[in-house]
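Asks: Here you go, one structure.
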Amino acid sequence: MNFILTHPREVATLTAEHLWLVGTAMLIAVLAGVPMGILLTRRPKLKAVVLGSTNVIQTIPSLALFGLLLPLPWLGARADRLAIVALALYALLPIVRNTYVGITGVSAPVREAALAMGLTPQQLLVMVELPLASPVILAGIRTAAVITIGVATIAAAIGAGGLGEFIFRGIAMVDNGVILAGALPAAAMALAADFLLGTLEKWLMRRGH
Amino acid sequence: MGLGSYRMTEASTIAIEFRDVQYKLAAGRLLLERFSLQVNRGETLMLLGRSGSGKTTCLKMINRLIEPTGGEIYVESKALSAWDVIRLRRSIGYAIQDVGLFPHYTVRENVALVPKLEKWERSRVDTRTEEVLALVGLPLSEFAQRYPNELSGGQRQRVGLARALAAEPPILLMDEPFGALDPITRNEVQMEFQKLQQRLKKTVVFVTHDVGEALLLGDRIAVMDSGQLRGVYTKEGFLQSADELVRSYMDVVRAGKELLGS
């Protein structure tokens, strides 16, 4: 426990690095995953391929995924770039799946009435489907965030930085204090993200859903 | 707004026409066959039939929620295939049993939806929203800010009706809109609808399986059976018909009356 108190600047730096990895990966995952989920609702035939692939990615052990991406030309050049891409891939499944489930879960009479009133497909998406699906989509983002914060500790194994550095260092030094310097801030981050997104989710649910 | 440039110079008396329409499912079953029917402008035409008779299929073809697999349908003398589907739907009001109000919109926002989509001026939207809510008996001051989950079944149905009428469509399609209401509320809403129809004189196609409702609200009744049109009757014609199916409907009405001892 002492380590955190005696090395505040290093803890802060690695925490910031960790946030950067997670934040960037989550941004990419949301910007790619939500449209993918929407696409699946329009072209259900793609469901097997897309959900299947994100499922497979999820099953690859994180360390292995980092290792597998290493030889790739542009990606492997910088450790943090590789880590961010790998983390984004991991975050995809909950986001894509929840977007799909959220939108298809919109009540049939509401959808029928919306079409019958002459909403264009774009208006249907923006005015009806996305707003009504938002609590479910957000739940997917929340799950993805918590997972990503945890998996990001592995990024240190390939030199991408983040709180994993302490964990690996602590294991090598057989020093629990150092391990905790990595584990505790990561856990706190996960709890904070879960709480903040959970509050947002509850606020969205209040809107008479 | 509404039918805009599609309005014919000589107003046809036929608002909607089905010509030999067929609807076949992918699996091969015929939900509607050889269906020909004319709906006169300003009349309330009831589509009466049992479950599976094809009446809802028929209704949903008018606003192209379902596309026929054969035959042609004309709205305002123009083939459906020639209509822009969005323009068509904005010109037709639609009210269904489950109503389908947007749960994340207030009553006011639900009702104002189509006028806003049609880019009416703000003041016109507000005036019309208040007007049409008053028409269905829901004062704006009390109901405007409520959400659908804060309304009773009857109130929701009225908001649905107000929403269907908001953009002043000449045609109204209704699919058992009062079916989920308790008998007393249903009767109240039916009476109000009747008064409304006498005032507004819209062309209404109304699906029902309730012969009492058909007799109460309809100018004419189209009886459907197993995907085919059995016959179209005026009220008197229906009451006097020798047709087997019509008579079995009348038997039901008579049995009901006997139960009440009248």
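Lettering and numbering for the structure tokens are positional, with chains as A, B, ... in the shown order, residues counted from 1 in each chain, and ligands counted from 1 in the shown order.
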Need the shell around stretch 171-179 of chain A: protein/DNA/RNA residues with any atom at most 10 Å away, counting only C-alpha atoms. Skip same-chain ones fewer than 6 positions apart. Format as a list in words?
Replies: Met1, Asn2, Phe3, Ile4, Leu163, Gly164 and Glu165 of chain A
Asks: Name the residues in contact with stretch 96-113 of chain A at a cut-off of 9 Å, using only C-alpha atoms, excluding same-chain residues fewer than 3 positions from it; report them as an MDAnalysis selection string.
Replies: (chainID A and resid 29:30 32:41 50:51 54 91:93 116:118 124:125 128:130 132:141) or (chainID B and resid 65 94:103)
Asks: Go through A:Pro185, A:Pro94, A:Pro121, A:Gly76 and flag the residue nearest chain B, using only C-alpha atoms for the distances.
Replies: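 Looking only at the distances to chain B, the closest residue turns out to be A:Pro121.
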Asks: B:Ile92: which residues within 6 Å, counting only C-alpha atoms, same-chain residues fewer than 2 positions away excluded, as a list in words?
Replies: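 Near neighbours after the sequence-gap exclusion: Arg89, Arg90, Pro169, Ile171 and Leu172 of chain B.
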Asks: Write out, as a CSV table (one decimal), in the first residue's frame, the residues just selected, with N, CA and C atoms.
Replies:
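Okay, out.csv is ready:
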chain,number,residue,atom,x,y,z
B,89,ARG,N,-48.5,8.2,-47.2
B,89,ARG,CA,-48.7,8.0,-45.7
B,89,ARG,C,-48.9,9.2,-44.9
B,90,ARG,N,-48.3,10.3,-45.4
B,90,ARG,CA,-48.6,11.6,-44.6
B,90,ARG,C,-50.0,12.1,-44.9
B,169,PRO,N,-55.7,14.7,-42.7
B,169,PRO,CA,-55.7,13.8,-43.9
B,169,PRO,C,-57.1,13.6,-44.4
B,171,ILE,N,-58.1,10.8,-45.6
B,171,ILE,CA,-58.5,9.4,-45.5
B,171,ILE,C,-58.0,8.9,-44.1
B,172,LEU,N,-58.8,8.1,-43.5
B,172,LEU,CA,-58.4,7.6,-42.1
B,172,LEU,C,-58.5,6.1,-42.2
Asks: Please provide the set of residues having any atom within 9 Å of B:Asp219, restricted to only C-alpha atoms, with same-chain residues fewer than 4 positions apart removed, written as a list in words.
Replies: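 Near neighbours after the sequence-gap exclusion: Glu43, Thr44, Leu45, Met46, Ala214, Leu215, Tyr233, Thr234 and Lys235 of chain B.
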